[in-house]
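Colleague: Just one file: start_3.cif, with mmCIF, C-alpha atoms.
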```
data_coords
loop_
_atom_site.label_atom_id
_atom_site.label_comp_id
_atom_site.auth_asym_id
_atom_site.auth_seq_id
_atom_site.Cartn_x
_atom_site.Cartn_y
_atom_site.Cartn_z
CA MET A 1 19.54 -36.44 -38.93
CA SER A 2 19.55 -37.81 -35.37
CA GLU A 3 16.50 -37.73 -33.12
CA LEU A 4 17.28 -37.31 -29.44
CA VAL A 5 14.71 -37.47 -26.63
CA THR A 6 15.25 -35.23 -23.61
CA GLY A 7 14.21 -35.96 -20.05
CA GLU A 8 10.99 -34.02 -20.66
CA ALA A 9 10.11 -36.38 -23.57
CA VAL A 10 10.82 -33.69 -26.14
CA ALA A 11 12.20 -34.97 -29.44
CA LEU A 12 15.18 -33.03 -30.77
CA GLU A 13 16.48 -33.28 -34.30
CA LEU A 14 20.23 -32.72 -34.37
CA ARG A 15 22.72 -33.12 -37.18
CA PRO A 16 25.78 -35.07 -35.97
CA ALA A 17 29.10 -33.72 -37.20
CA ARG A 18 30.92 -35.96 -39.62
CA LEU A 19 34.61 -36.79 -39.85
CA PRO A 20 35.78 -34.00 -42.24
CA SER A 21 34.39 -31.14 -40.18
CA ARG A 22 35.51 -32.71 -36.91
CA ALA A 23 39.03 -33.32 -38.25
CA LEU A 24 39.29 -29.70 -39.39
CA ALA A 25 38.14 -28.48 -35.97
CA VAL A 26 40.70 -30.72 -34.22
CA LEU A 27 43.51 -29.47 -36.49
CA LEU A 28 42.63 -25.86 -35.70
CA ASP A 29 42.55 -26.59 -31.97
CA LEU A 30 45.89 -28.41 -32.15
CA ALA A 31 47.48 -25.56 -34.10
CA VAL A 32 46.42 -23.06 -31.43
CA ALA A 33 47.50 -25.37 -28.59
CA VAL A 34 50.92 -26.06 -30.15
CA ALA A 35 51.51 -22.33 -30.71
CA VAL A 36 50.70 -21.62 -27.06
CA TYR A 37 52.89 -24.54 -25.92
CA VAL A 38 55.86 -23.28 -27.95
CA ALA A 39 55.47 -19.78 -26.49
CA VAL A 40 55.23 -21.17 -22.94
CA THR A 41 58.26 -23.40 -23.54
CA ILE A 42 60.38 -20.48 -24.75
CA VAL A 43 59.44 -18.48 -21.66
CA LEU A 44 60.25 -21.43 -19.38
CA VAL A 45 63.62 -22.05 -21.01
CA ALA A 46 64.58 -18.40 -20.66
CA SER A 47 63.41 -18.13 -17.05
CA THR A 48 64.68 -21.49 -15.74
CA ALA A 49 68.18 -21.49 -17.21
CA SER A 50 69.71 -21.52 -13.72
CA LEU A 51 67.82 -24.65 -12.63
CA ASP A 52 69.09 -28.18 -12.94
CA MET A 53 68.00 -30.61 -15.67
CA ALA A 54 65.48 -32.48 -13.49
CA ALA A 55 63.61 -29.29 -12.62
CA GLN A 56 63.53 -28.17 -16.23
CA THR A 57 62.18 -31.56 -17.32
CA ALA A 58 59.46 -31.46 -14.67
CA LEU A 59 58.42 -27.96 -15.73
CA SER A 60 58.35 -29.03 -19.38
CA ILE A 61 56.08 -32.00 -18.61
CA ALA A 62 53.81 -29.79 -16.50
CA ALA A 63 53.56 -27.24 -19.31
CA PHE A 64 52.76 -29.99 -21.80
CA VAL A 65 49.96 -31.40 -19.62
CA LEU A 66 48.51 -28.00 -18.75
CA VAL A 67 48.54 -26.55 -22.28
CA LEU A 68 47.77 -29.57 -24.49
CA VAL A 69 45.47 -31.43 -22.08
CA GLY A 70 44.17 -29.00 -19.47
CA GLY A 71 43.70 -26.13 -21.91
CA PRO A 72 41.17 -27.87 -24.21
CA ILE A 73 39.32 -29.26 -21.20
CA ALA A 74 39.00 -25.80 -19.64
CA VAL A 75 37.95 -24.18 -22.91
CA GLU A 76 35.26 -26.79 -23.62
CA THR A 77 33.94 -26.54 -20.06
CA LEU A 78 33.76 -22.75 -19.97
CA SER A 79 32.32 -22.42 -23.48
CA HIS A 80 29.82 -25.31 -23.03
CA GLY A 81 31.34 -27.45 -25.75
CA ARG A 82 32.65 -24.88 -28.22
CA SER A 83 36.39 -24.71 -28.69
CA LEU A 84 38.02 -22.35 -31.16
CA GLY A 85 38.10 -24.97 -33.91
CA LYS A 86 34.50 -25.97 -33.28
CA MET A 87 33.33 -22.37 -33.35
CA ALA A 88 35.09 -21.87 -36.68
CA CYS A 89 33.44 -25.00 -38.13
CA GLY A 90 30.04 -24.42 -36.56
CA LEU A 91 30.17 -27.42 -34.19
CA ARG A 92 29.31 -27.98 -30.55
CA VAL A 93 29.71 -30.82 -28.05
CA VAL A 94 26.45 -31.74 -26.29
CA ARG A 95 25.27 -34.56 -24.07
CA ASP A 96 23.39 -37.55 -25.42
CA ASP A 97 20.11 -35.91 -24.38
CA GLY A 98 21.00 -32.64 -26.12
CA GLY A 99 21.95 -30.70 -22.97
CA PRO A 100 25.16 -28.74 -22.38
CA ILE A 101 28.24 -30.62 -21.23
CA ARG A 102 29.91 -30.21 -17.85
CA PHE A 103 33.43 -30.55 -16.51
CA ARG A 104 33.26 -34.35 -16.15
CA HIS A 105 32.30 -34.73 -19.80
CA SER A 106 35.16 -32.50 -20.94
CA LEU A 107 37.58 -34.29 -18.60
CA VAL A 108 36.75 -37.75 -19.98
CA ARG A 109 36.93 -36.51 -23.57
CA GLY A 110 40.25 -34.77 -22.94
CA LEU A 111 41.93 -37.70 -21.17
CA ILE A 112 40.86 -40.25 -23.78
CA GLY A 113 41.75 -37.76 -26.52
CA VAL A 114 45.39 -37.91 -25.39
CA ILE A 115 45.45 -41.60 -26.39
CA GLU A 116 43.27 -41.60 -29.51
CA ILE A 117 44.41 -38.23 -30.94
CA LEU A 118 47.83 -37.23 -29.60
CA MET A 119 49.51 -40.61 -29.08
CA THR A 120 48.09 -42.31 -32.20
CA PHE A 121 48.06 -39.17 -34.41
CA GLY A 122 44.27 -39.37 -34.68
CA VAL A 123 44.14 -42.82 -36.30
CA VAL A 124 42.02 -44.37 -33.53
CA ALA A 125 39.69 -41.37 -33.47
CA CYS A 126 39.20 -41.52 -37.24
CA ILE A 127 38.42 -45.25 -37.21
CA ALA A 128 35.97 -44.88 -34.31
CA SER A 129 34.24 -41.94 -36.00
CA LEU A 130 33.86 -43.85 -39.25
CA VAL A 131 32.47 -46.93 -37.50
CA SER A 132 30.03 -45.02 -35.29
CA ALA A 133 26.56 -44.32 -36.70
CA ARG A 134 26.65 -40.78 -35.29
CA GLY A 135 30.32 -40.09 -35.93
CA ARG A 136 31.42 -40.39 -32.30
CA ARG A 137 34.97 -41.12 -31.23
CA LEU A 138 35.90 -43.15 -28.14
CA GLY A 139 35.98 -40.07 -25.93
CA ASP A 140 32.39 -39.28 -26.87
CA VAL A 141 31.28 -42.86 -26.23
CA PHE A 142 32.77 -42.98 -22.72
CA ALA A 143 31.73 -39.43 -21.84
CA GLY A 144 28.21 -39.78 -23.20
CA THR A 145 28.53 -36.83 -25.56
CA LEU A 146 27.88 -36.02 -29.20
CA VAL A 147 29.35 -33.42 -31.55
CA VAL A 148 26.57 -31.75 -33.55
CA ARG A 149 26.36 -29.09 -36.21
CA GLU A 150 25.04 -25.70 -35.10
CA ARG A 151 24.86 -23.99 -38.48
CA VAL A 152 22.29 -25.94 -40.48
CA PRO A 153 21.59 -24.66 -44.00
CA VAL A 154 18.04 -23.47 -44.55
CA PRO A 155 16.46 -24.28 -47.94
CA ALA A 156 15.07 -20.76 -48.39
CA THR A 157 16.36 -17.97 -46.18
CA GLY A 158 13.50 -16.23 -44.47
CA PHE A 159 10.89 -17.93 -46.71
CA MET A 160 7.48 -18.19 -45.12
CA PRO A 161 4.76 -20.25 -46.82
CA PRO A 162 1.70 -18.24 -47.88
CA PRO A 163 -1.72 -19.13 -46.49
CA PRO A 164 -4.18 -21.15 -48.57
CA PRO A 165 -6.18 -19.04 -51.06
CA TRP A 166 -9.47 -19.88 -49.36
CA LEU A 167 -8.13 -18.35 -46.11
CA ALA A 168 -7.05 -15.03 -47.62
CA GLY A 169 -8.87 -12.16 -45.93
CA ARG A 170 -10.77 -14.41 -43.52
CA PHE A 171 -9.27 -12.74 -40.45
CA SER A 172 -9.29 -9.16 -41.74
CA GLU A 173 -11.73 -8.00 -39.05
CA LEU A 174 -9.80 -9.37 -36.06
CA ASP A 175 -8.06 -7.28 -33.44
CA LEU A 176 -4.43 -8.42 -33.45
CA SER A 177 -3.13 -5.80 -31.03
CA ALA A 178 -3.32 -8.17 -28.04
CA VAL A 179 -0.81 -10.62 -29.55
CA PRO A 180 2.67 -9.82 -28.14
CA ASP A 181 5.70 -9.43 -30.35
CA ASP A 182 7.50 -12.45 -28.89
CA LEU A 183 4.58 -14.68 -29.88
CA TRP A 184 4.64 -13.29 -33.43
CA LEU A 185 8.38 -14.00 -33.51
CA ALA A 186 7.80 -17.59 -32.39
CA VAL A 187 5.13 -18.04 -35.08
CA ARG A 188 7.43 -16.64 -37.75
CA GLN A 189 10.33 -18.87 -36.70
CA TYR A 190 8.07 -21.91 -36.76
CA LEU A 191 6.70 -21.11 -40.22
CA THR A 192 10.16 -20.57 -41.68
CA ARG A 193 11.56 -23.79 -40.17
CA MET A 194 8.61 -26.16 -40.11
CA GLY A 195 9.99 -28.03 -43.11
CA GLN A 196 12.98 -29.11 -40.99
CA LEU A 197 10.91 -30.47 -38.10
CA ASP A 198 9.60 -33.94 -37.53
CA PRO A 199 5.90 -34.02 -38.63
CA ARG A 200 4.63 -34.99 -35.18
CA VAL A 201 6.80 -32.42 -33.39
CA GLY A 202 5.84 -29.73 -35.90
CA TRP A 203 2.12 -30.49 -35.57
CA ALA A 204 2.26 -30.29 -31.76
CA MET A 205 4.19 -27.03 -31.91
CA ALA A 206 1.71 -25.56 -34.40
CA GLU A 207 -1.22 -26.54 -32.19
CA ARG A 208 0.37 -24.88 -29.17
CA LEU A 209 1.15 -21.66 -31.06
CA ALA A 210 -2.32 -21.61 -32.64
CA ALA A 211 -3.91 -21.98 -29.20
CA ASP A 212 -1.83 -19.06 -27.87
CA VAL A 213 -2.78 -16.84 -30.81
CA ALA A 214 -6.47 -17.82 -30.58
CA ALA A 215 -6.54 -17.08 -26.85
CA ARG A 216 -5.38 -13.50 -27.50
CA THR A 217 -7.47 -12.80 -30.59
CA GLY A 218 -10.65 -14.63 -29.59
CA ALA A 219 -10.81 -16.40 -32.97
CA PRO A 220 -9.87 -20.08 -32.78
CA ALA A 221 -8.90 -21.98 -35.87
CA PRO A 222 -11.83 -23.59 -37.68
CA ARG A 223 -12.03 -27.34 -37.55
CA GLU A 224 -11.23 -27.81 -41.21
CA VAL A 225 -8.15 -25.54 -41.01
CA PRO A 226 -4.80 -27.10 -39.98
CA PRO A 227 -2.97 -25.17 -37.26
CA ALA A 228 -0.04 -24.37 -39.58
CA ALA A 229 -2.40 -22.87 -42.19
CA TYR A 230 -4.15 -20.90 -39.44
CA LEU A 231 -0.81 -19.46 -38.27
CA ALA A 232 0.20 -18.64 -41.86
CA ALA A 233 -3.07 -16.78 -42.42
CA MET A 234 -2.66 -14.82 -39.19
CA MET A 235 0.92 -13.89 -40.01
CA HIS A 236 -0.06 -12.90 -43.54
CA GLU A 237 -2.83 -10.64 -42.18
CA ARG A 238 -0.45 -8.98 -39.72
CA GLN A 239 2.16 -8.37 -42.41
CA ALA A 240 -0.49 -6.89 -44.71
CA ARG A 241 -1.56 -4.50 -41.98
CA GLU A 242 2.01 -3.53 -41.21
CA ALA A 243 2.62 -2.84 -44.90
CA ARG A 244 -0.49 -0.65 -45.15
CA ARG A 245 0.52 1.19 -42.01
CA ALA A 246 4.08 1.71 -43.20
CA PHE A 247 3.46 2.66 -46.82
CA GLY A 248 0.08 4.39 -46.53
CA SER A 249 -0.56 7.85 -45.05
CA ALA A 250 -2.93 8.06 -42.12
CA PRO A 251 -6.06 10.21 -42.56
CA SER A 252 -6.20 13.55 -40.81
CA GLY A 253 -9.74 13.11 -39.54
CA GLY A 254 -8.56 11.52 -36.28
CA GLY A 255 -11.10 8.71 -36.34
CA ALA A 256 -9.92 5.45 -34.74
CA PRO A 257 -9.93 2.38 -36.96
CA ALA A 258 -12.46 -0.23 -36.00
CA ALA A 259 -11.37 -3.56 -34.49
CA GLY A 260 -7.69 -3.01 -35.04
CA VAL A 261 -7.99 -2.80 -38.84
CA PRO A 262 -5.95 0.07 -40.28
CA SER A 263 -8.13 2.65 -41.96
CA VAL A 264 -7.83 3.24 -45.67
CA THR A 265 -6.78 6.71 -46.65
CA GLU A 266 -9.25 8.85 -48.61
CA PRO A 267 -8.60 12.06 -50.52
CA VAL A 268 -9.35 15.11 -48.41
CA THR A 269 -11.20 17.92 -50.22
CA PRO A 270 -10.17 21.47 -49.26
CA PRO A 271 -12.80 23.54 -47.43
CA PRO A 272 -14.70 26.17 -49.44
CA PRO A 273 -13.37 29.72 -49.22
CA VAL A 274 -14.79 31.85 -46.43
CA ARG A 275 -16.92 34.69 -47.70
CA PRO A 276 -17.84 37.77 -45.70
CA THR A 277 -21.31 37.50 -44.17
CA THR A 278 -21.78 41.23 -43.48
CA PRO A 279 -22.56 43.70 -46.22
CA PRO A 280 -19.88 46.22 -47.12
CA VAL A 281 -19.95 49.35 -44.97
CA PRO A 282 -19.89 52.68 -46.77
CA PRO A 283 -16.96 54.97 -46.02
CA SER A 284 -19.14 57.54 -44.33
CA ALA A 285 -20.41 55.03 -41.74
CA ALA A 286 -17.12 53.30 -41.14
CA PRO A 287 -16.50 52.42 -37.48
CA PRO A 288 -13.43 53.65 -35.69
CA ALA A 289 -10.24 51.80 -36.39
CA VAL A 290 -9.73 48.72 -34.24
CA PRO A 291 -6.85 46.28 -34.21
CA PRO A 292 -7.25 43.61 -36.86
CA THR A 293 -8.77 40.41 -35.58
CA SER A 294 -8.24 36.90 -36.69
CA SER A 295 -10.85 34.30 -37.42
CA SER A 296 -10.92 30.88 -35.84
CA ASP A 297 -8.90 29.37 -38.68
CA GLY A 298 -5.97 31.77 -38.16
CA ARG A 299 -6.62 34.09 -41.17
CA PRO A 300 -7.26 37.85 -40.91
CA GLY A 301 -10.91 38.76 -40.28
CA THR A 302 -12.98 40.11 -43.17
CA GLY A 303 -15.00 43.31 -43.38
CA PHE A 304 -12.30 45.66 -41.95
CA VAL A 305 -12.11 49.07 -43.72
CA PRO A 306 -9.20 51.38 -42.84
CA PRO A 307 -10.15 54.88 -41.65
CA ALA A 308 -10.50 57.63 -44.25
#
```
If you convert what's in this file into structure tokens, what do you get?

Modeller:
Amino acid sequence: MSELVTGEAVALELRPARLPSRALAVLLDLAVAVAVYVAVTIVLVASTASLDMAAQTALSIAAFVLVLVGGPIAVETLSHGRSLGKMACGLRVVRDDGGPIRFRHSLVRGLIGVIEILMTFGVVACIASLVSARGRRLGDVFAGTLVVRERVPVPATGFMPPPPPWLAGRFSELDLSAVPDDLWLAVRQYLTRMGQLDPRVGWAMAERLAADVAARTGAPAPREVPPAAYLAAMMHERQAREARRAFGSAPSGGGAPAAGVPSVTEPVTPPPPVRPTTPPVPPSAAPPAVPPTSSSDGRPGTGFVPPA
């Protein structure tokens, strides 16, 4: 693990790429470059058959320089340090401060790479990478760059530590609707990766996230509660509410839950049957036939007697 400090005094923990992964990435890049160079050479030979030997030699040298030297430089510049081989191996070229590389960095790496990779068959690059503490070759040293690993294995995929038992249910009455989704996502990413962070960097990040959550919920973390435990309790409460909302059926009464807490469903008893309130009318005193009416609940009205 290598700790880099940016211009804003932010510590970054990056994993420098070692010799095996870098060698595999270089071999993949060389295989692609040689295949393109052979195809370009065949096209040049077929299209310049009428030219003299000097012109054909000049075109061959130009094709060699453009494909095997200019091609990797252009690809690294446009992709911000990710060639085809590096993408396949999960690597990236960055500056010493962790920022993206520019054309001058790719140019220095490419020109020195001709000597330490192409002309010496990679022997100089291998020796320099083995000697360097961060696995850098001579091109990286002169260009001020570093090849790092982008795909870092996570100990437990998606694992989020549970809150302490004495914090369970402590924030059940809070209104969490004011916390935006992007802040919840940042809290979740921090909780799932806080084991990979430097303790000081992780503590500062937890304090900042806890302050953002407290500003939107109005419930700051108690003094005896660490910010990471406070965030874990908040995330656990939100997930519990989402689970109740997703797997529980909402009541039909229409009452709003108090303070953002999802209401608990209760069994609904059916209403008692409607009984006629008017006494039955004898056939002799039956009123004239009228169109059947409906009660307020949509069922036919009671007390209607058809004409004799």

Colleague: Find the residues around Ala35 (chain A) up to 12 Å (all atoms listed in the file counted), leave out those fewer than 5 positions away in its own chain, and share them as a count of residues only.

Modeller: 9

Colleague: Work out how far apart CA of Thr77 (chain A) and CA of Val32 (chain A) are and give it in Å to one decimal.

Modeller: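 Those two atoms sit 17.2 Å apart.
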
Colleague: Once the PyMOL selection byres ((chain A and resi 18) around 8) has been evaluated on this model, what residues remain selected, and can you format them as a PDB file with C-alpha atoms, keeping the file's coordinate frame?

Modeller:
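Saved the output as part-v9.pdb:
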```
ATOM      1  CA  PRO A  16      25.780 -35.070 -35.970  1.00  0.00           C
ATOM      2  CA  ALA A  17      29.100 -33.720 -37.200  1.00  0.00           C
ATOM      3  CA  LEU A  19      34.610 -36.790 -39.850  1.00  0.00           C
ATOM      4  CA  PRO A  20      35.780 -34.000 -42.240  1.00  0.00           C
ATOM      5  CA  SER A  21      34.390 -31.140 -40.180  1.00  0.00           C
ATOM      6  CA  ARG A  22      35.510 -32.710 -36.910  1.00  0.00           C
ATOM      7  CA  SER A 129      34.240 -41.940 -36.000  1.00  0.00           C
ATOM      8  CA  ARG A 134      26.650 -40.780 -35.290  1.00  0.00           C
ATOM      9  CA  GLY A 135      30.320 -40.090 -35.930  1.00  0.00           C
TER      10      GLY A 135
END
```

Colleague: Would you list the contacts of Val141 (chain A) as a list in words, taking every protein, DNA or RNA residue within 10 Å and counting only C-alpha atoms, but skipping same-chain residues closer than 6 positions in sequence?

Modeller: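 Contacts, with the query itself left out: Asp96, Val108, Arg109, Ala128 and Ser132 of chain A.
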
Colleague: Please produce a file of those selected residues containing C-alpha atoms, as a PDB file, in the coordinates of the input.

Modeller:
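Result saved to result_34.pdb:
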```
ATOM      1  CA  ASP A  96      23.390 -37.550 -25.420  1.00  0.00           C
ATOM      2  CA  VAL A 108      36.750 -37.750 -19.980  1.00  0.00           C
ATOM      3  CA  ARG A 109      36.930 -36.510 -23.570  1.00  0.00           C
ATOM      4  CA  ALA A 128      35.970 -44.880 -34.310  1.00  0.00           C
ATOM      5  CA  SER A 132      30.030 -45.020 -35.290  1.00  0.00           C
TER       6      SER A 132
END
```

Colleague: Using all atoms listed in the file, which residue out of A:Val123, A:Ala23, A:Ala243, A:Ile112 lies closest to Phe142 (chain A)?

Modeller: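 Comparing A:Val123, A:Ala23, A:Ala243, A:Ile112 against Phe142 (chain A), the winner is A:Ile112.
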
Colleague: Written as JSON, numbers by chain, what is the full residue list that the PyMOL selection byres ((chain A and resi 89) around 9) yields on the file shown?

Modeller: {"A": [21, 22, 24, 25, 84, 85, 86, 87, 88, 90, 91, 149, 150, 151]}
